[in-house]
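A.B. asks: What follows is my_file-v1.cif, made up of mmCIF, C-alpha atoms:
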data_coords
#
loop_
_atom_site.label_atom_id
_atom_site.label_comp_id
_atom_site.auth_asym_id
_atom_site.auth_seq_id
_atom_site.Cartn_x
_atom_site.Cartn_y
_atom_site.Cartn_z
CA MET A 1 11.52 -1.16 38.97
CA GLY A 2 13.54 -0.37 42.13
CA SER A 3 11.01 -2.00 44.46
CA GLY A 4 11.60 -5.38 42.83
CA PHE A 5 15.27 -5.49 43.75
CA ALA A 6 16.73 -7.07 46.89
CA SER A 7 17.70 -3.83 48.61
CA CYS A 8 17.07 -2.61 52.11
CA CYS A 9 18.63 -1.05 55.16
CA ILE A 10 21.26 -3.00 57.07
CA PHE A 11 18.75 -4.62 59.44
CA LEU A 12 16.49 -5.81 56.66
CA SER A 13 19.55 -6.94 54.70
CA VAL A 14 20.35 -9.42 57.46
CA LEU A 15 16.83 -10.83 57.30
CA LEU A 16 16.96 -10.98 53.52
CA LEU A 17 20.26 -12.85 53.46
CA ALA A 18 19.18 -15.25 56.16
CA PHE A 19 16.10 -16.09 54.10
CA MET A 20 17.88 -16.25 50.72
CA LEU A 21 20.88 -18.25 51.84
CA GLY A 22 19.40 -20.40 54.57
CA GLN A 23 21.62 -18.98 57.30
CA GLY A 24 21.46 -21.12 60.39
CA ARG A 25 20.88 -24.46 58.67
CA ASN A 26 23.27 -26.93 60.27
CA VAL A 27 25.93 -28.45 58.04
CA GLN A 28 26.82 -31.86 59.34
CA ARG A 29 29.02 -34.46 57.71
CA HIS A 30 26.21 -36.82 56.75
CA HIS A 31 24.23 -33.95 55.17
CA VAL A 32 26.89 -33.25 52.55
CA GLU A 33 26.24 -35.60 49.65
CA GLU A 34 29.00 -36.84 47.35
CA GLY A 35 27.41 -35.08 44.38
CA SER A 36 26.85 -31.75 46.08
CA ILE A 37 29.94 -30.20 44.51
CA GLY A 38 30.45 -31.52 40.98
CA LEU A 39 33.15 -30.71 38.48
CA ASN A 40 30.90 -28.37 36.45
CA TYR A 41 30.07 -26.40 39.59
CA LEU A 42 33.77 -26.18 40.39
CA ARG A 43 34.56 -24.86 36.93
CA GLN A 44 31.74 -22.31 36.97
CA ALA A 45 31.86 -21.14 40.57
CA SER A 46 35.65 -20.86 40.65
CA SER A 47 35.44 -18.09 38.05
CA SER A 48 35.71 -14.47 39.08
CA ILE A 49 35.14 -11.09 37.50
CA ASP A 50 37.95 -9.20 39.18
CA GLY A 51 40.20 -9.09 36.15
CA HIS A 52 41.77 -12.49 35.71
CA ARG A 53 39.44 -15.54 35.80
CA ILE A 54 36.05 -16.24 34.27
CA ASP A 55 34.25 -19.24 32.81
CA PRO A 56 33.96 -18.50 29.05
CA SER A 57 30.62 -20.33 28.90
CA GLY A 58 29.10 -17.66 31.15
CA LYS A 59 28.62 -14.88 28.65
CA ILE A 60 27.80 -11.93 30.87
CA PHE A 61 29.99 -9.14 29.45
CA PHE A 62 28.96 -6.20 27.28
CA LYS A 63 30.06 -2.66 26.41
CA MET A 64 28.70 0.36 28.24
CA GLU A 65 27.27 1.69 24.98
CA ASP A 66 25.01 -1.39 24.93
CA LEU A 67 23.37 -0.40 28.21
CA LYS A 68 20.26 1.09 26.61
CA VAL A 69 16.59 0.29 26.04
CA GLY A 70 15.97 -2.11 23.18
CA LYS A 71 19.45 -3.63 23.14
CA THR A 72 19.37 -7.43 22.78
CA MET A 73 22.29 -9.51 24.06
CA ALA A 74 23.01 -13.20 24.56
CA ILE A 75 23.47 -13.67 28.34
CA TYR A 76 24.17 -16.76 30.42
CA LEU A 77 22.17 -16.79 33.68
CA THR A 78 21.26 -19.73 35.87
CA ASN A 79 18.89 -19.79 38.83
CA LYS A 80 20.15 -22.30 41.38
CA ASP A 81 17.68 -24.05 43.62
CA PRO A 82 18.27 -22.61 47.13
CA SER A 83 17.12 -25.87 48.71
CA THR A 84 20.06 -27.74 47.17
CA SER A 85 22.66 -24.94 47.15
CA PRO A 86 25.24 -24.61 49.95
CA HIS A 87 23.97 -22.37 52.75
CA LEU A 88 25.69 -19.74 54.86
CA LEU A 89 26.58 -20.86 58.35
CA SER A 90 26.39 -18.85 61.52
CA ARG A 91 29.73 -17.55 62.76
CA GLU A 92 29.71 -20.08 65.60
CA GLU A 93 29.24 -22.98 63.18
CA ALA A 94 31.81 -21.69 60.69
CA ASN A 95 34.41 -21.13 63.41
CA SER A 96 33.99 -24.71 64.60
CA ILE A 97 35.21 -26.07 61.22
CA PRO A 98 38.84 -25.55 60.10
CA PHE A 99 39.37 -23.31 57.07
CA SER A 100 43.07 -23.26 56.25
CA SER A 101 45.39 -24.75 53.64
CA ALA A 102 47.37 -26.25 56.49
CA LYS A 103 44.32 -28.34 57.43
CA ILE A 104 42.95 -29.33 54.01
CA ALA A 105 43.34 -33.06 54.72
CA GLN A 106 41.44 -32.65 57.99
CA ILE A 107 38.66 -30.69 56.26
CA ILE A 108 38.26 -33.28 53.49
CA ASP A 109 38.08 -36.00 56.14
CA PHE A 110 35.52 -33.99 58.15
CA PHE A 111 33.16 -33.93 55.18
CA ARG A 112 33.97 -37.56 54.35
CA PHE A 113 35.10 -36.93 50.80
CA SER A 114 37.69 -38.99 48.97
CA LYS A 115 40.97 -37.11 48.67
CA ASP A 116 40.84 -37.67 44.89
CA SER A 117 37.24 -36.45 44.46
CA HIS A 118 36.03 -33.29 42.71
CA GLN A 119 34.72 -32.17 46.09
CA ALA A 120 38.22 -32.36 47.58
CA GLU A 121 39.54 -30.45 44.56
CA ALA A 122 36.92 -27.75 45.15
CA ILE A 123 37.77 -27.45 48.83
CA GLU A 124 41.49 -27.06 48.11
CA TYR A 125 40.84 -24.56 45.31
CA THR A 126 38.57 -22.35 47.41
CA ILE A 127 40.84 -22.25 50.45
CA LYS A 128 43.86 -21.39 48.32
CA GLN A 129 41.90 -18.64 46.54
CA CYS A 130 40.97 -17.18 49.90
CA GLU A 131 44.62 -17.16 50.98
CA LEU A 132 45.95 -15.42 47.85
CA GLU A 133 47.43 -11.95 48.19
CA PRO A 134 45.07 -9.24 46.86
CA LEU A 135 45.60 -7.75 43.44
CA GLU A 136 46.87 -4.21 43.06
CA ASP A 137 44.19 -1.75 44.20
CA GLU A 138 42.08 -4.55 45.68
CA LEU A 139 40.75 -5.08 49.20
CA ARG A 140 39.40 -8.57 49.72
CA PHE A 141 38.15 -11.16 52.18
CA CYS A 142 36.40 -14.51 52.16
CA ALA A 143 33.16 -14.75 54.13
CA THR A 144 32.29 -18.11 55.66
CA SER A 145 29.36 -16.80 57.70
CA LEU A 146 26.70 -14.12 57.48
CA GLU A 147 28.22 -12.22 60.39
CA SER A 148 31.71 -12.19 58.86
CA MET A 149 30.31 -10.91 55.57
CA LEU A 150 28.47 -8.06 57.29
CA ASP A 151 31.41 -7.13 59.54
CA ASN A 152 33.97 -7.09 56.73
CA ALA A 153 31.69 -5.26 54.29
CA SER A 154 31.06 -2.61 56.94
CA SER A 155 34.80 -2.32 57.54
CA LEU A 156 35.48 -1.65 53.85
CA LEU A 157 32.52 0.64 53.26
CA GLY A 158 32.54 2.51 56.58
CA LYS A 159 31.39 1.45 60.03
CA LYS A 160 28.80 4.23 60.17
CA ALA A 161 27.64 3.90 56.56
CA GLN A 162 24.10 2.83 55.76
CA LEU A 163 24.41 -0.27 53.62
CA GLN A 164 22.23 -1.81 50.95
CA VAL A 165 22.58 -5.24 49.38
CA PHE A 166 21.65 -5.98 45.77
CA THR A 167 21.44 -9.12 43.67
CA THR A 168 20.05 -10.34 40.35
CA THR A 169 16.60 -11.92 40.64
CA PHE A 170 14.34 -13.82 38.27
CA VAL A 171 10.66 -12.90 38.06
CA GLU A 172 10.11 -16.52 36.99
CA ASN A 173 12.54 -19.43 36.89
CA PRO A 174 14.26 -19.55 33.48
CA THR A 175 13.75 -22.59 31.27
CA VAL A 176 17.25 -22.43 29.75
CA PRO A 177 20.37 -20.65 31.09
CA PHE A 178 21.66 -19.17 27.83
CA ARG A 179 19.31 -17.00 25.78
CA ASN A 180 18.81 -13.60 24.19
CA TYR A 181 17.65 -10.91 26.60
CA THR A 182 16.43 -7.42 25.68
CA ILE A 183 16.73 -4.37 27.95
CA LEU A 184 13.11 -3.36 28.57
CA ALA A 185 13.48 -0.11 30.53
CA VAL A 186 16.00 2.68 31.01
CA PRO A 187 18.74 1.28 33.29
CA GLU A 188 18.66 2.89 36.73
CA ARG A 189 22.03 3.83 38.18
CA ILE A 190 22.51 3.04 41.86
CA PRO A 191 23.78 6.23 43.55
CA SER A 192 26.92 4.90 45.19
CA THR A 193 30.58 4.75 44.24
CA LYS A 194 31.61 2.48 47.12
CA MET A 195 30.77 -1.21 46.79
CA VAL A 196 31.81 -4.68 47.86
CA ALA A 197 31.04 -7.49 45.42
CA CYS A 198 30.72 -11.02 46.80
CA HIS A 199 31.04 -14.03 44.50
CA THR A 200 30.28 -17.63 45.44
CA LEU A 201 33.08 -20.20 45.62
CA PRO A 202 32.63 -24.00 45.51
CA TYR A 203 32.49 -25.45 49.03
CA PRO A 204 30.25 -27.74 51.12
CA TYR A 205 28.77 -24.65 52.78
CA ALA A 206 28.46 -21.15 51.33
CA VAL A 207 31.76 -19.28 50.99
CA PHE A 208 31.94 -15.88 49.32
CA TYR A 209 34.98 -14.18 47.85
CA CYS A 210 34.31 -10.47 48.46
CA HIS A 211 36.35 -7.55 47.19
CA ASN A 212 36.39 -3.93 46.18
CA THR A 213 38.75 -1.70 44.23
CA PRO A 214 38.56 1.70 45.96
CA LYS A 215 40.78 3.53 43.45
CA SER A 216 38.93 2.30 40.35
CA GLU A 217 35.48 3.61 39.45
CA THR A 218 32.68 1.07 39.15
CA ARG A 219 29.11 2.05 38.28
CA LEU A 220 26.16 -0.11 39.31
CA PHE A 221 22.85 -0.32 37.47
CA LYS A 222 19.47 -2.02 37.89
CA VAL A 223 18.51 -3.47 34.51
CA LEU A 224 15.17 -5.04 33.58
CA LEU A 225 15.73 -7.82 31.04
CA GLY A 226 13.15 -9.72 29.02
CA ALA A 227 13.44 -12.89 26.93
CA GLU A 228 11.42 -13.77 23.85
CA ASN A 229 9.36 -16.34 25.78
CA GLY A 230 8.29 -13.74 28.35
CA ASP A 231 10.87 -14.52 31.07
CA ARG A 232 11.87 -11.44 33.06
CA VAL A 233 15.05 -10.78 35.04
CA ARG A 234 15.69 -7.89 37.40
CA ALA A 235 19.41 -7.84 36.82
CA LEU A 236 22.24 -6.10 38.61
CA ALA A 237 24.95 -4.82 36.27
CA ALA A 238 28.36 -3.31 36.96
CA CYS A 239 30.46 -1.21 34.59
CA HIS A 240 34.19 -1.07 35.33
CA MET A 241 35.36 2.26 34.00
CA ASP A 242 39.13 1.54 34.06
CA THR A 243 40.36 -1.86 32.88
CA SER A 244 43.93 -0.79 32.14
CA ARG A 245 45.34 -3.03 34.89
CA TRP A 246 43.30 -6.12 33.98
CA ASP A 247 44.98 -9.22 32.61
CA VAL A 248 45.41 -8.84 28.87
CA ASP A 249 43.98 -12.35 28.46
CA HIS A 250 40.78 -11.58 30.36
CA VAL A 251 37.89 -13.23 28.54
CA SER A 252 35.92 -9.96 28.36
CA PHE A 253 38.53 -8.50 26.03
CA GLN A 254 38.25 -11.55 23.80
CA LEU A 255 34.46 -11.48 23.75
CA LEU A 256 34.14 -7.73 23.23
CA LYS A 257 37.18 -7.45 20.93
CA ILE A 258 38.75 -4.61 22.91
CA LYS A 259 42.06 -3.99 24.67
CA PRO A 260 42.77 -3.23 28.35
CA GLY A 261 41.95 0.38 29.17
CA SER A 262 40.36 1.10 25.79
CA SER A 263 36.74 0.97 26.98
CA PRO A 264 34.66 0.33 30.11
CA VAL A 265 33.62 -3.29 30.58
CA CYS A 266 30.16 -4.10 31.93
CA HIS A 267 28.74 -7.39 33.17
CA ILE A 268 25.64 -8.88 34.74
CA PHE A 269 26.04 -10.35 38.21
CA PRO A 270 24.89 -13.99 38.48
CA PRO A 271 21.89 -14.46 40.83
CA ASP A 272 23.98 -16.07 43.59
CA ASN A 273 26.32 -13.05 43.81
CA LEU A 274 25.74 -10.23 46.31
CA VAL A 275 26.80 -6.59 46.08
CA TRP A 276 26.95 -4.33 49.12
CA VAL A 277 26.92 -0.56 48.61
CA ALA A 278 27.21 2.43 50.93
CA LEU A 279 24.40 4.92 50.49
CA PRO A 280 25.38 8.55 49.86
CA ALA A 281 25.47 10.59 53.05
#
Any chance you could put this one into structure tokens?
C.D. replies:
Amino acid sequence: MGSGFASCCIFLSVLLLAFMLGQGRNVQRHHVEEGSIGLNYLRQASSSIDGHRIDPSGKIFFKMEDLKVGKTMAIYLTNKDPSTSPHLLSREEANSIPFSSAKIAQIIDFFRFSKDSHQAEAIEYTIKQCELEPLEDELRFCATSLESMLDNASSLLGKKAQLQVFTTTFVENPTVPFRNYTILAVPERIPSTKMVACHTLPYPYAVFYCHNTPKSETRLFKVLLGAENGDRVRALAACHMDTSRWDVDHVSFQLLKIKPGSSPVCHIFPPDNLVWVALPA
């Protein structure tokens, strides 16, 4: 099952990301359509899994005891069309466009959005999220280019570390986003305790909120999922072993009917999320 996952050495990771995310495609003002960032995308993509925000419609959480062959769970997974999704810019392109709350009006004008549009709302939301102070025991950054993602991930995981990147992939495009999936094979643990998870944020070009929690244990697994209609997903799952400092209102506690710190919380990463790990020495 491991060969089907998006994992490779650091050099191949760059090639993989450039292919997956369209790195290098120019983002010009007239290429950004008014409907490219809708309200639903804002609501879904603005969610996070770091302990305080998540879209309740995206049911991706489960208990660690459920991580076993034959377990069937209702999971929400969508496979966005890469040709219409925002793409990562090169560092040169990203640096040529302002990215600061002090210049939100200028940014909205650059992309020719109305100041009252959902697109303007998304831009303001994402920039403010990227400027928030990190949570306790959290190291974080926002990546606006492929190079900045690689540089910052290397900084957090170790400049000399050999890195791998993982993501959730569909064997075939799903027909519906919310369905029952069954675990078809023994989950394979990824042998690394150091990771940086990168989640997409709504923006005219690809922006990732990336973070890690070095003092809290997180276990990563490759999980082969199958739906009743034959759809297959090579999923990436994370299990957070200590949730004692999570927000008591976190949706995972509501869905799983548990309390903070009482049990590990696991989740499936959406396909447009990326997870960097440092290989054991």
A.B. asks: Show me a table, sorted first by chain and then by increasing residue number, of the residues of region 131-246 of chain A having an atom at most 7 Å from region 85-96 of chain A, each with its shortest atom pair and the distance in Å to one decimal, counting all atoms listed in the file and written as a tab-separated table.
C.D. replies:
residue	atom	partner	partner_atom	distance
A:Thr144	CA	A:Ala94	CA	6.2
A:Ser145	CA	A:Leu89	CA	5.0
A:Leu146	CA	A:Ser90	CA	6.2
A:Glu147	CA	A:Arg91	CA	6.0
A:Ser148	CA	A:Arg91	CA	6.9
A:Pro204	CA	A:Pro86	CA	6.0
A:Tyr205	CA	A:Pro86	CA	4.5
A:Ala206	CA	A:Leu88	CA	4.7
A.B. asks: What does the PyMOL selection byres ((chain A and resi 180-187) around 6) select in this file, as a ChimeraX atom specification?
C.D. replies: /A:69-74,179,188,222-227
A.B. asks: Using all atoms listed in the file, find the one residue out of A:Pro191, A:Pro264, A:Pro270, A:Gly230 that sits nearest to Trp246 (chain A).
C.D. replies: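 Distance minimum relative to Trp246 (chain A) lands on A:Pro264.
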A.B. asks: Skipping near chain neighbours, those fewer than 2 positions away, what residues fall within 9 Å of Leu157 (chain A) using only C-alpha atoms, listed as number ranges by chain?
C.D. replies: A: 152-155, 159-161, 163, 194-196, 276-278
A.B. asks: Given only C-alpha atoms as the basis, pick out the residue of A:Ile75, A:Lys128, A:Glu228, A:Ala143 nearest to Leu274 (chain A).
C.D. replies: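 For Leu274 (chain A), the nearest of the candidates is A:Ala143.
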A.B. asks: Take the PyMOL selection byres ((chain A and resi 253-258) around 10), apply it to the structure above, and return the hits as a PyMOL selection string.
C.D. replies: chain A and resi 56+59-63+243+246-252+259-265
A.B. asks: State, in Å with one decimal place, the distance from CA of Val165 (chain A) to CA of Phe141 (chain A).
C.D. replies: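 Atom-to-atom, CA of Val165 (chain A) and CA of Phe141 (chain A) are spaced 16.9 Å apart.
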